[in-house]
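Source file work_14.csv; content: CSV, C-alpha atoms.
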```
chain,number,residue,atom,x,y,z
A,1,MET,CA,0.0,0.0,0.0
A,2,THR,CA,1.4,3.4,-1.0
A,3,GLU,CA,1.2,6.1,1.7
A,4,ILE,CA,0.0,9.5,0.4
A,5,LYS,CA,1.4,12.3,2.5
A,6,MET,CA,-0.7,15.4,2.4
A,7,VAL,CA,1.9,18.2,2.0
A,8,LYS,CA,1.9,21.8,0.8
A,9,ALA,CA,4.8,23.7,-0.8
A,10,ARG,CA,6.2,26.3,1.5
A,11,ARG,CA,8.8,27.8,-0.9
A,12,VAL,CA,9.7,27.4,-4.5
A,13,ARG,CA,12.7,28.5,-6.5
A,14,ALA,CA,13.1,28.2,-10.3
A,15,LEU,CA,16.4,26.6,-11.4
A,16,ASP,CA,17.9,26.2,-14.9
A,17,GLY,CA,16.6,23.4,-17.1
A,18,TYR,CA,12.9,23.8,-16.2
A,19,ARG,CA,13.5,22.6,-12.7
A,20,LEU,CA,12.0,23.8,-9.4
A,21,GLU,CA,13.4,23.5,-6.0
A,22,ILE,CA,10.5,23.0,-3.7
A,23,ALA,CA,10.5,23.2,0.1
A,24,PHE,CA,7.5,21.4,1.7
A,25,ASP,CA,5.7,22.0,5.0
A,26,ASP,CA,7.0,18.7,6.4
A,27,ASP,CA,10.5,20.2,6.4
A,28,THR,CA,11.7,18.4,3.3
A,29,ILE,CA,13.1,19.8,0.1
A,30,GLY,CA,13.7,18.4,-3.4
A,31,VAL,CA,14.1,19.3,-7.0
A,32,ALA,CA,11.3,18.7,-9.6
A,33,ASP,CA,12.3,18.3,-13.2
A,34,LEU,CA,9.5,19.8,-15.3
A,35,SER,CA,11.2,19.7,-18.7
A,36,GLY,CA,8.5,17.3,-19.9
A,37,PHE,CA,5.7,19.2,-18.2
A,38,VAL,CA,6.3,22.4,-20.1
A,39,HIS,CA,5.6,20.7,-23.4
A,40,LEU,CA,2.2,19.2,-22.4
A,41,GLY,CA,0.0,21.8,-24.2
A,42,PRO,CA,-1.4,25.3,-24.5
A,43,MET,CA,-1.6,25.9,-20.7
A,44,THR,CA,2.1,25.0,-20.2
A,45,GLU,CA,3.4,26.7,-23.4
A,46,PRO,CA,4.2,30.1,-21.6
A,47,LEU,CA,6.4,28.2,-19.2
A,48,ARG,CA,8.8,27.3,-22.0
A,49,ASP,CA,10.1,30.9,-21.8
A,50,PRO,CA,12.7,30.7,-19.0
A,51,ALA,CA,11.8,34.3,-17.8
A,52,TYR,CA,8.2,33.2,-17.4
A,53,PHE,CA,9.1,29.9,-15.8
A,54,GLU,CA,11.0,31.9,-13.1
A,55,ARG,CA,7.8,33.8,-12.2
A,56,VAL,CA,6.5,30.7,-10.2
A,57,PHE,CA,5.1,31.5,-6.8
A,58,ILE,CA,3.2,29.7,-4.0
A,59,GLU,CA,-0.6,30.1,-3.9
A,60,MET,CA,-2.3,28.2,-1.1
A,61,GLY,CA,0.6,25.7,-0.9
A,62,VAL,CA,0.8,25.1,-4.6
A,63,PRO,CA,3.5,26.1,-7.1
A,64,THR,CA,1.7,28.3,-9.6
A,65,TRP,CA,2.4,30.6,-12.5
A,66,PRO,CA,0.6,33.9,-13.5
A,67,ASN,CA,-1.5,32.1,-16.1
A,68,GLY,CA,-3.0,29.8,-13.5
A,69,CYS,CA,-1.0,26.8,-14.5
A,70,ASP,CA,0.1,24.8,-11.4
A,71,ILE,CA,1.6,21.6,-10.2
A,72,ASP,CA,0.4,19.2,-7.5
A,73,PRO,CA,2.8,19.4,-4.5
A,74,ILE,CA,1.6,16.1,-3.2
A,75,ASN,CA,2.5,14.3,-6.5
A,76,GLN,CA,5.9,16.1,-6.7
A,77,HIS,CA,6.6,15.1,-3.1
A,78,MET,CA,5.8,11.4,-3.9
A,79,LEU,CA,7.9,11.4,-7.0
A,80,MET,CA,10.9,12.9,-5.2
A,81,ARG,CA,10.5,10.4,-2.3
A,82,LYS,CA,10.3,7.5,-4.7
A,83,ALA,CA,13.4,8.7,-6.6
A,84,GLY,CA,15.2,9.2,-3.3
A,85,THR,CA,15.9,12.9,-4.0
A,86,LEU,CA,13.8,14.2,-1.1
A,87,ARG,CA,15.9,15.3,1.8
A,88,PRO,CA,15.5,17.1,5.1
A,89,LEU,CA,15.3,20.8,4.8
A,90,SER,CA,18.1,21.1,7.5
A,91,ALA,CA,20.4,19.2,5.0
A,92,ALA,CA,19.8,21.8,2.2
A,93,ALA,CA,22.8,23.9,1.6
```
Take the structure from the file and write it as structure tokens.
Amino acid sequence: MTEIKMVKARRVRALDGYRLEIAFDDDTIGVADLSGFVHLGPMTEPLRDPAYFERVFIEMGVPTWPNGCDIDPINQHMLMRKAGTLRPLSAAA
């Protein structure tokens, strides 16, 4: 049985290569690779512009862009945990 942890994003920072560093409210942090996500369709098309991608912000615990496009923090947390890339926030340099 897969445990689904209900988490919200606390902070987000855009990195090169369509990646986001996301700090979660359970005091963990990880990097999400969204290079495939930005090519999903019309809603994600503006995110292909690196300057626009950098405009990401947190709205109600969810990484969001000005056009309303967002990503699910719970899913990103699960993907990072499964990949072994989620780490304690205290370990972030």
Give me the residues near Ala14 of chain A as an MDAnalysis selection string, where near means some atom within 10 Å (using only C-alpha atoms) and where sequence neighbours in that chain fewer than 5 positions away do not count. chainID A and resid 19:22 31:32 50:57
Have a look at atom CA of Leu47 of chain A and atom CA of Arg11 of chain A and let me know their distance in Å, one decimal.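 Value for the atom CA of Leu47 of chain A-atom CA of Arg11 of chain A distance: 18.5 Å.
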Please compute the atom CA of Arg10 of chain A-atom CA of Met78 of chain A distance, one decimal, in Å. 15.9 Å
Point out the residue among A:Met6, A:Ile58, A:Cys69, A:Val12 with the least atom-to-atom distance to Gly30 of chain A, counting only C-alpha atoms.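 Checking each candidate against Gly30 of chain A, we get A:Val12 as the closest.
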Of A:Asn67, A:Ser90, A:Gln76, A:Thr44, the one nearest to Lys5 of chain A when counting only C-alpha atoms is A:Gln76
